[in-house]
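The structure file structure10.tsv is reproduced below (TSV, C-alpha atoms).
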chain	number	residue	atom	x	y	z
A	1	MET	CA	55.61	49.71	-147.10
A	2	HIS	CA	59.12	49.51	-145.69
A	3	ALA	CA	61.52	52.13	-144.45
A	4	ASP	CA	63.68	52.07	-147.59
A	5	GLU	CA	60.65	53.04	-149.69
A	6	MET	CA	59.82	55.91	-147.32
A	7	ALA	CA	63.36	57.29	-147.20
A	8	GLU	CA	64.37	60.49	-148.94
A	9	ASP	CA	67.68	62.11	-149.66
A	10	PHE	CA	68.78	64.33	-146.84
A	11	PRO	CA	71.93	66.35	-146.31
A	12	VAL	CA	74.57	64.36	-144.51
A	13	VAL	CA	77.89	65.73	-143.28
A	14	GLY	CA	80.90	63.92	-141.88
A	15	VAL	CA	81.91	64.62	-138.30
A	16	GLU	CA	85.35	65.65	-139.62
A	17	SER	CA	84.08	67.90	-142.40
A	18	ASP	CA	84.33	71.67	-142.45
A	19	ALA	CA	82.03	73.46	-139.99
A	20	TRP	CA	81.70	76.60	-142.11
A	21	GLU	CA	80.50	74.65	-145.14
A	22	ALA	CA	77.98	72.71	-143.06
A	23	VAL	CA	76.52	75.85	-141.49
A	24	THR	CA	76.33	77.61	-144.86
A	25	ARG	CA	74.41	74.64	-146.23
A	26	LEU	CA	72.00	74.66	-143.29
A	27	ALA	CA	71.34	78.35	-143.90
A	28	GLU	CA	71.12	78.34	-147.69
A	29	GLN	CA	68.90	75.29	-147.91
A	30	ARG	CA	66.80	76.39	-144.92
A	31	LEU	CA	67.21	73.01	-143.26
A	32	PRO	CA	66.17	72.21	-139.68
A	33	GLY	CA	69.35	70.19	-139.21
A	34	LEU	CA	71.96	67.92	-140.76
A	35	VAL	CA	72.63	64.23	-140.22
A	36	VAL	CA	76.20	63.76	-139.00
A	37	THR	CA	78.15	60.62	-139.92
A	38	ASP	CA	81.31	59.14	-138.43
A	39	PRO	CA	84.44	58.52	-140.56
A	40	LYS	CA	82.99	55.14	-141.61
A	41	GLY	CA	79.83	56.78	-142.94
A	42	ARG	CA	77.60	55.61	-140.07
A	43	PRO	CA	75.10	58.21	-138.86
A	44	VAL	CA	75.89	59.25	-135.30
A	45	SER	CA	73.94	62.39	-134.50
A	46	ILE	CA	72.03	65.39	-135.70
A	47	LEU	CA	73.40	68.90	-135.88
A	48	PRO	CA	70.25	70.89	-135.15
A	49	GLY	CA	69.82	74.46	-136.37
A	50	SER	CA	68.63	75.45	-132.90
A	51	GLN	CA	72.09	74.63	-131.55
A	52	VAL	CA	74.05	76.11	-134.43
A	53	VAL	CA	72.52	79.56	-133.76
A	54	ARG	CA	74.52	79.54	-130.53
A	55	ILE	CA	77.54	80.59	-132.61
A	56	LEU	CA	75.77	83.89	-133.30
A	57	VAL	CA	75.88	84.72	-129.60
A	58	PRO	CA	79.16	86.14	-128.28
A	59	GLY	CA	80.46	84.69	-125.03
A	60	TYR	CA	79.83	87.87	-123.05
A	61	VAL	CA	76.16	87.81	-124.08
A	62	GLN	CA	75.87	84.16	-123.04
A	63	ASP	CA	77.15	85.28	-119.65
A	64	ASP	CA	74.95	88.38	-119.49
A	65	PRO	CA	71.97	88.31	-121.89
A	66	SER	CA	71.21	91.98	-121.17
A	67	LEU	CA	74.22	92.88	-123.33
A	68	ALA	CA	72.70	91.35	-126.50
A	69	GLY	CA	70.91	94.54	-127.50
A	70	VAL	CA	73.99	96.74	-127.56
A	71	LEU	CA	75.84	94.73	-130.18
A	72	SER	CA	76.61	96.05	-133.63
A	73	GLU	CA	79.47	94.12	-135.22
A	74	SER	CA	78.99	92.14	-138.41
A	75	MET	CA	77.35	88.82	-137.81
A	76	ALA	CA	78.73	87.18	-140.95
A	77	ASP	CA	82.29	88.11	-139.98
A	78	ARG	CA	81.93	86.76	-136.48
A	79	VAL	CA	80.46	83.51	-137.70
A	80	ALA	CA	83.27	83.07	-140.22
A	81	ASP	CA	85.83	83.79	-137.48
A	82	LYS	CA	84.27	81.32	-135.08
A	83	LEU	CA	84.02	78.51	-137.60
A	84	ARG	CA	87.40	78.85	-139.29
A	85	GLY	CA	89.36	75.62	-139.01
A	86	LYS	CA	86.63	73.88	-137.02
A	87	THR	CA	84.99	70.57	-137.80
A	88	VAL	CA	81.33	69.62	-137.61
A	89	GLY	CA	82.18	67.40	-134.63
A	90	GLN	CA	83.33	70.47	-132.68
A	91	LEU	CA	79.95	72.13	-133.30
A	92	LEU	CA	77.92	69.28	-131.87
A	93	PRO	CA	76.38	70.09	-128.50
A	94	ASP	CA	77.77	68.21	-125.50
A	95	GLU	CA	74.55	66.32	-125.25
A	96	ALA	CA	74.03	65.76	-128.95
A	97	PRO	CA	70.53	64.48	-129.67
A	98	GLU	CA	70.39	60.74	-130.23
A	99	LEU	CA	69.58	60.02	-133.86
A	100	ALA	CA	66.78	57.56	-134.60
A	101	VAL	CA	68.19	54.73	-136.70
A	102	VAL	CA	65.94	52.17	-138.40
A	103	ASN	CA	66.39	49.22	-140.74
A	104	ASP	CA	65.41	49.29	-144.39
A	105	ASP	CA	62.68	46.69	-143.81
A	106	ASP	CA	61.06	48.41	-140.80
A	107	THR	CA	57.39	49.39	-141.09
A	108	ILE	CA	55.76	52.79	-140.58
A	109	VAL	CA	54.81	51.77	-137.03
A	110	GLU	CA	58.35	50.70	-136.20
A	111	VAL	CA	59.79	53.95	-137.54
A	112	ALA	CA	57.16	56.00	-135.68
A	113	ALA	CA	57.87	54.15	-132.43
A	114	VAL	CA	61.61	54.91	-132.57
A	115	MET	CA	61.09	58.57	-133.53
A	116	ALA	CA	58.54	59.13	-130.76
A	117	ARG	CA	60.68	57.44	-128.12
A	118	LEU	CA	63.77	59.50	-128.97
A	119	ARG	CA	61.72	62.66	-129.76
A	120	CYS	CA	63.81	62.81	-132.90
A	121	PRO	CA	62.38	64.53	-135.98
A	122	LEU	CA	64.45	62.34	-138.32
A	123	ALA	CA	65.21	58.66	-138.70
A	124	ALA	CA	68.25	57.42	-140.62
A	125	VAL	CA	67.49	54.32	-142.69
A	126	MET	CA	70.26	51.69	-142.80
A	127	ARG	CA	70.75	48.70	-145.08
A	128	GLY	CA	73.58	46.52	-143.85
A	129	GLY	CA	76.00	49.13	-142.52
A	130	GLU	CA	75.04	51.72	-145.16
A	131	LEU	CA	72.89	54.84	-144.82
A	132	VAL	CA	70.30	54.72	-147.62
A	133	GLY	CA	68.23	57.79	-146.74
A	134	VAL	CA	66.35	59.68	-144.08
A	135	ILE	CA	62.69	59.81	-143.04
A	136	THR	CA	61.35	62.99	-141.47
A	137	ALA	CA	58.39	62.99	-139.06
A	138	SER	CA	56.24	64.95	-141.50
A	139	ARG	CA	57.07	62.53	-144.32
A	140	LEU	CA	55.99	59.65	-142.10
A	141	LEU	CA	52.68	61.37	-141.29
A	142	GLN	CA	52.14	62.12	-144.97
A	143	LEU	CA	52.65	58.45	-145.89
A	144	ALA	CA	50.45	57.26	-143.02
A	145	LEU	CA	47.57	59.57	-143.93
A	146	ALA	CA	47.74	59.21	-147.71
A	147	PRO	CA	49.67	56.09	-148.70
A	148	PRO	CA	50.76	56.06	-152.36
A	149	GLU	CA	48.49	53.91	-154.58
B	150	MET	CA	67.66	94.39	-138.37
B	151	HIS	CA	64.94	93.60	-135.86
B	152	ALA	CA	62.92	90.48	-135.20
B	153	ASP	CA	59.78	91.75	-136.96
B	154	GLU	CA	61.78	92.14	-140.19
B	155	MET	CA	63.15	88.59	-139.85
B	156	ALA	CA	59.77	86.99	-139.11
B	157	GLU	CA	57.93	84.86	-141.62
B	158	ASP	CA	54.45	83.45	-141.79
B	159	PHE	CA	54.21	80.11	-140.10
B	160	PRO	CA	51.31	77.81	-139.44
B	161	VAL	CA	49.66	78.53	-136.13
B	162	VAL	CA	46.89	76.45	-134.57
B	163	GLY	CA	44.74	77.16	-131.54
B	164	VAL	CA	45.04	74.85	-128.54
B	165	GLU	CA	41.28	74.21	-128.86
B	166	SER	CA	41.28	73.59	-132.62
B	167	ASP	CA	40.68	70.23	-134.29
B	168	ALA	CA	43.53	67.74	-133.90
B	169	TRP	CA	42.81	65.93	-137.17
B	170	GLU	CA	43.02	69.15	-139.20
B	171	ALA	CA	46.27	70.16	-137.51
B	172	VAL	CA	47.92	66.79	-138.17
B	173	THR	CA	46.76	66.78	-141.79
B	174	ARG	CA	48.30	70.21	-142.24
B	175	LEU	CA	51.58	69.07	-140.69
B	176	ALA	CA	51.65	66.12	-143.10
B	177	GLU	CA	50.52	67.87	-146.28
B	178	GLN	CA	52.78	70.87	-145.87
B	179	ARG	CA	55.68	68.73	-144.66
B	180	LEU	CA	56.20	70.94	-141.62
B	181	PRO	CA	58.53	70.13	-138.70
B	182	GLY	CA	55.90	71.42	-136.28
B	183	LEU	CA	53.13	73.90	-135.59
B	184	VAL	CA	53.01	76.87	-133.25
B	185	VAL	CA	50.17	76.42	-130.76
B	186	THR	CA	48.32	79.46	-129.40
B	187	ASP	CA	46.03	79.82	-126.38
B	188	PRO	CA	42.43	81.07	-126.76
B	189	LYS	CA	43.69	84.67	-126.59
B	190	GLY	CA	46.04	84.08	-129.55
B	191	ARG	CA	49.22	84.02	-127.46
B	192	PRO	CA	51.74	81.38	-128.54
B	193	VAL	CA	52.17	78.79	-125.81
B	194	SER	CA	53.99	75.83	-127.27
B	195	ILE	CA	55.08	73.85	-130.30
B	196	LEU	CA	53.43	70.70	-131.54
B	197	PRO	CA	56.46	68.89	-132.96
B	198	GLY	CA	56.09	66.30	-135.72
B	199	SER	CA	58.35	63.96	-133.74
B	200	GLN	CA	55.66	63.77	-131.04
B	201	VAL	CA	52.69	63.58	-133.38
B	202	VAL	CA	54.06	60.36	-134.93
B	203	ARG	CA	53.34	58.73	-131.57
B	204	ILE	CA	49.70	58.48	-132.68
B	205	LEU	CA	50.82	56.02	-135.37
B	206	VAL	CA	51.94	53.60	-132.68
B	207	PRO	CA	49.24	51.45	-131.08
B	208	GLY	CA	49.30	51.14	-127.30
B	209	TYR	CA	50.30	47.46	-127.38
B	210	VAL	CA	53.37	48.33	-129.48
B	211	GLN	CA	54.34	51.12	-127.08
B	212	ASP	CA	54.24	48.47	-124.35
B	213	ASP	CA	56.07	45.83	-126.41
B	214	PRO	CA	58.00	47.25	-129.40
B	215	SER	CA	58.64	43.72	-130.74
B	216	LEU	CA	54.99	43.65	-131.87
B	217	ALA	CA	55.42	46.57	-134.28
B	218	GLY	CA	56.45	44.36	-137.19
B	219	VAL	CA	53.36	42.13	-137.15
B	220	LEU	CA	50.90	44.94	-137.71
B	221	SER	CA	48.85	45.31	-140.87
B	222	GLU	CA	45.77	47.47	-140.24
B	223	SER	CA	45.29	50.71	-142.16
B	224	MET	CA	47.33	53.53	-140.73
B	225	ALA	CA	45.06	56.30	-142.07
B	226	ASP	CA	42.00	54.71	-140.44
B	227	ARG	CA	43.68	54.35	-137.09
B	228	VAL	CA	44.92	57.92	-137.13
B	229	ALA	CA	41.45	59.21	-138.01
B	230	ASP	CA	39.97	57.11	-135.17
B	231	LYS	CA	42.48	58.36	-132.65
B	232	LEU	CA	42.08	62.02	-133.54
B	233	ARG	CA	38.31	62.18	-133.88
B	234	GLY	CA	36.86	64.73	-131.46
B	235	LYS	CA	40.28	65.62	-130.03
B	236	THR	CA	41.82	69.06	-129.74
B	237	VAL	CA	45.37	70.14	-130.45
B	238	GLY	CA	45.82	70.68	-126.72
B	239	GLN	CA	45.18	66.98	-126.11
B	240	LEU	CA	47.97	66.08	-128.56
B	241	LEU	CA	50.62	68.16	-126.83
B	242	PRO	CA	53.16	66.02	-125.00
B	243	ASP	CA	53.11	66.21	-121.20
B	244	GLU	CA	56.38	68.05	-121.29
B	245	ALA	CA	55.59	70.27	-124.25
B	246	PRO	CA	58.71	72.04	-125.48
B	247	GLU	CA	58.95	75.63	-124.31
B	248	LEU	CA	58.50	77.99	-127.23
B	249	ALA	CA	61.03	80.75	-127.71
B	250	VAL	CA	59.22	84.09	-127.65
B	251	VAL	CA	60.94	87.32	-128.69
B	252	ASN	CA	59.96	90.97	-129.10
B	253	ASP	CA	59.57	92.64	-132.47
B	254	ASP	CA	62.54	94.93	-131.79
B	255	ASP	CA	64.97	92.19	-130.68
B	256	THR	CA	68.19	91.79	-132.65
B	257	ILE	CA	69.60	88.68	-134.35
B	258	VAL	CA	71.83	88.07	-131.33
B	259	GLU	CA	68.92	88.32	-128.91
B	260	VAL	CA	66.81	85.91	-130.96
B	261	ALA	CA	69.73	83.47	-131.30
B	262	ALA	CA	70.40	83.60	-127.55
B	263	VAL	CA	66.79	82.65	-126.69
B	264	MET	CA	66.62	79.88	-129.31
B	265	ALA	CA	69.91	78.35	-128.21
B	266	ARG	CA	69.02	78.47	-124.52
B	267	LEU	CA	65.67	76.75	-125.06
B	268	ARG	CA	67.00	74.49	-127.87
B	269	CYS	CA	63.93	75.60	-129.75
B	270	PRO	CA	64.04	75.60	-133.57
B	271	LEU	CA	61.46	78.41	-133.74
B	272	ALA	CA	60.95	81.78	-132.14
B	273	ALA	CA	57.54	83.47	-132.04
B	274	VAL	CA	57.79	87.23	-132.62
B	275	MET	CA	55.40	89.37	-130.53
B	276	ARG	CA	54.42	93.02	-130.88
B	277	GLY	CA	52.39	94.14	-127.89
B	278	GLY	CA	50.41	91.00	-127.12
B	279	GLU	CA	50.12	89.99	-130.79
B	280	LEU	CA	51.96	87.26	-132.67
B	281	VAL	CA	53.40	88.85	-135.82
B	282	GLY	CA	55.36	85.92	-137.23
B	283	VAL	CA	57.89	83.20	-136.58
B	284	ILE	CA	61.65	82.95	-137.09
B	285	THR	CA	63.18	79.53	-137.71
B	286	ALA	CA	66.77	78.70	-136.78
B	287	SER	CA	67.74	78.25	-140.44
B	288	ARG	CA	66.18	81.62	-141.36
B	289	LEU	CA	68.23	83.25	-138.61
B	290	LEU	CA	71.44	81.65	-139.90
B	291	GLN	CA	70.57	82.70	-143.44
B	292	LEU	CA	70.10	86.33	-142.37
B	293	ALA	CA	73.26	86.28	-140.25
B	294	LEU	CA	75.43	84.91	-143.06
B	295	ALA	CA	73.96	86.90	-145.93
B	296	PRO	CA	72.10	89.97	-144.64
B	297	PRO	CA	69.79	91.53	-147.23
B	298	GLU	CA	71.27	94.67	-148.91
Representation of the structure as structure tokens:
Amino acid sequence: MHADEMAEDFPVVGVESDAWEAVTRLAEQRLPGLVVTDPKGRPVSILPGSQVVRILVPGYVQDDPSLAGVLSESMADRVADKLRGKTVGQLLPDEAPELAVVNDDDTIVEVAAVMARLRCPLAAVMRGGELVGVITASRLLQLALAPPE
Amino acid sequence: MHADEMAEDFPVVGVESDAWEAVTRLAEQRLPGLVVTDPKGRPVSILPGSQVVRILVPGYVQDDPSLAGVLSESMADRVADKLRGKTVGQLLPDEAPELAVVNDDDTIVEVAAVMARLRCPLAAVMRGGELVGVITASRLLQLALAPPE
């Protein structure tokens, strides 16, 4: 079995696309993260949910966590304010996690080796210069333990 | 809204429980990871899928990745062999990710602040010394953007 047969659809957003739409999608679809592509459609990084939640934390709480409890303003309003006019690229953490990238003809072992090395829960599957799908760690384990007939 | 109202059920495994059962669960339920508890039921870490896939990679491939492509033995058999008699604790990476732990009366901002600081996609919610549930990053975003009436 090769990587292109293991790959599944997975939400992908462009680095120049709208930050508000990307975050809404993450929330509504309950996703752990989004694959981020450059303007040529090549996957460059992951926008992880664990980093996006940072936008829920006002600057003065980041400076002094003891102030978090006294807060009462609307979360949805603040998030909308913070994201207005921003791109996905501006949301990426300074040290954005390196995305595992594999070829369409890589095997389960090759995909597992790249994921484990980068500690990345996702691998983007490429054919030529094109993204054809994504393999999650749990999908890989599922296929390894119970390969389709 | 407080953390205990945001929390959801989430698979939890004991550090001394069977590694094979835990990995099967991760695979079958397509989970990004499991919360690992110590013998007293206190959450201590996360077993992330991106680390578990390391068991799919034979030692000689870890040493020389160019050998990954020439491999043909059964994946399921090797995984079963590797996990037999092992505990979840033995699967945890040396630098196991620190789990975000919050109190049942913490607010969305407090939970977000801890998750973002630890870059942890999950927060375990405690009441007294008891684990009452888990909040994922995407659940937190969902609640922040569209709070329940």
Which residues of chain A come within 6 Å of chain B, and what is each one's closest atom pair and distance in Å (one decimal), counting only C-alpha atoms, sorted by chain and residue number, as JSON lines?
{"residue": "A:Ala27", "atom": "CA", "partner": "B:Gln291", "partner_atom": "CA", "distance": 4.4}
{"residue": "A:Arg30", "atom": "CA", "partner": "B:Ser287", "partner_atom": "CA", "distance": 4.9}
{"residue": "A:Leu31", "atom": "CA", "partner": "B:Ser287", "partner_atom": "CA", "distance": 6.0}
{"residue": "A:Gly49", "atom": "CA", "partner": "B:Ala286", "partner_atom": "CA", "distance": 5.2}
{"residue": "A:Ser50", "atom": "CA", "partner": "B:Pro270", "partner_atom": "CA", "distance": 4.6}
{"residue": "A:Gln51", "atom": "CA", "partner": "B:Ala265", "partner_atom": "CA", "distance": 5.5}
{"residue": "A:Val53", "atom": "CA", "partner": "B:Ala261", "partner_atom": "CA", "distance": 5.4}
{"residue": "A:Arg54", "atom": "CA", "partner": "B:Ala265", "partner_atom": "CA", "distance": 5.3}
{"residue": "A:Val57", "atom": "CA", "partner": "B:Val258", "partner_atom": "CA", "distance": 5.5}
{"residue": "A:Ala68", "atom": "CA", "partner": "B:Glu259", "partner_atom": "CA", "distance": 5.4}
{"residue": "A:Met75", "atom": "CA", "partner": "B:Ala293", "partner_atom": "CA", "distance": 5.4}
{"residue": "A:Ala76", "atom": "CA", "partner": "B:Leu294", "partner_atom": "CA", "distance": 4.5}
{"residue": "A:Val109", "atom": "CA", "partner": "B:Val206", "partner_atom": "CA", "distance": 5.5}
{"residue": "A:Glu110", "atom": "CA", "partner": "B:Ala217", "partner_atom": "CA", "distance": 5.4}
{"residue": "A:Ala112", "atom": "CA", "partner": "B:Val202", "partner_atom": "CA", "distance": 5.4}
{"residue": "A:Ala113", "atom": "CA", "partner": "B:Val206", "partner_atom": "CA", "distance": 6.0}
{"residue": "A:Ala116", "atom": "CA", "partner": "B:Arg203", "partner_atom": "CA", "distance": 5.3}
{"residue": "A:Arg119", "atom": "CA", "partner": "B:Ser199", "partner_atom": "CA", "distance": 5.4}
{"residue": "A:Cys120", "atom": "CA", "partner": "B:Ser199", "partner_atom": "CA", "distance": 5.6}
{"residue": "A:Pro121", "atom": "CA", "partner": "B:Ser199", "partner_atom": "CA", "distance": 4.6}
{"residue": "A:Ala137", "atom": "CA", "partner": "B:Gly198", "partner_atom": "CA", "distance": 5.2}
{"residue": "A:Ser138", "atom": "CA", "partner": "B:Arg179", "partner_atom": "CA", "distance": 5.0}
{"residue": "A:Leu141", "atom": "CA", "partner": "B:Ala176", "partner_atom": "CA", "distance": 5.2}
{"residue": "A:Gln142", "atom": "CA", "partner": "B:Ala176", "partner_atom": "CA", "distance": 4.4}
{"residue": "A:Ala144", "atom": "CA", "partner": "B:Met224", "partner_atom": "CA", "distance": 5.4}
{"residue": "A:Leu145", "atom": "CA", "partner": "B:Ala225", "partner_atom": "CA", "distance": 4.5}
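Taking CA of Leu131 in chain A as the reference point, CA of Gly85 in chain A is found at 27.1 Å.
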Original post:
Quick one: residues within 7 Å of Leu34 in chain A, all atoms listed in the file counted, chain neighbours fewer than 2 positions away excluded, as number ranges by chain?
Top reply: A: 11-13, 36, 46-48
Prev. selection, C-alpha atoms, output as a PDB file, in the frame of the given file:
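Output file result31.pdb follows:
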ATOM      1  CA  PRO A  11      71.930  66.350-146.310  1.00  0.00           C
ATOM      2  CA  VAL A  12      74.570  64.360-144.510  1.00  0.00           C
ATOM      3  CA  VAL A  13      77.890  65.730-143.280  1.00  0.00           C
ATOM      4  CA  VAL A  36      76.200  63.760-139.000  1.00  0.00           C
ATOM      5  CA  ILE A  46      72.030  65.390-135.700  1.00  0.00           C
ATOM      6  CA  LEU A  47      73.400  68.900-135.880  1.00  0.00           C
ATOM      7  CA  PRO A  48      70.250  70.890-135.150  1.00  0.00           C
TER       8      PRO A  48
END
For range 35-42 of chain A, what centre and edge lengths in Å (one decimal) does the axis-aligned box get once 8 Å is added on each side of all its listed atoms, as AutoDock Vina command-line options?
--center_x 78.5 --center_y 59.7 --center_z -140.7 --size_x 27.8 --size_y 25.1 --size_z 20.5
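Across the model, the gap from CA of Gly133 in chain A to CA of Val88 in chain A is 19.9 Å.
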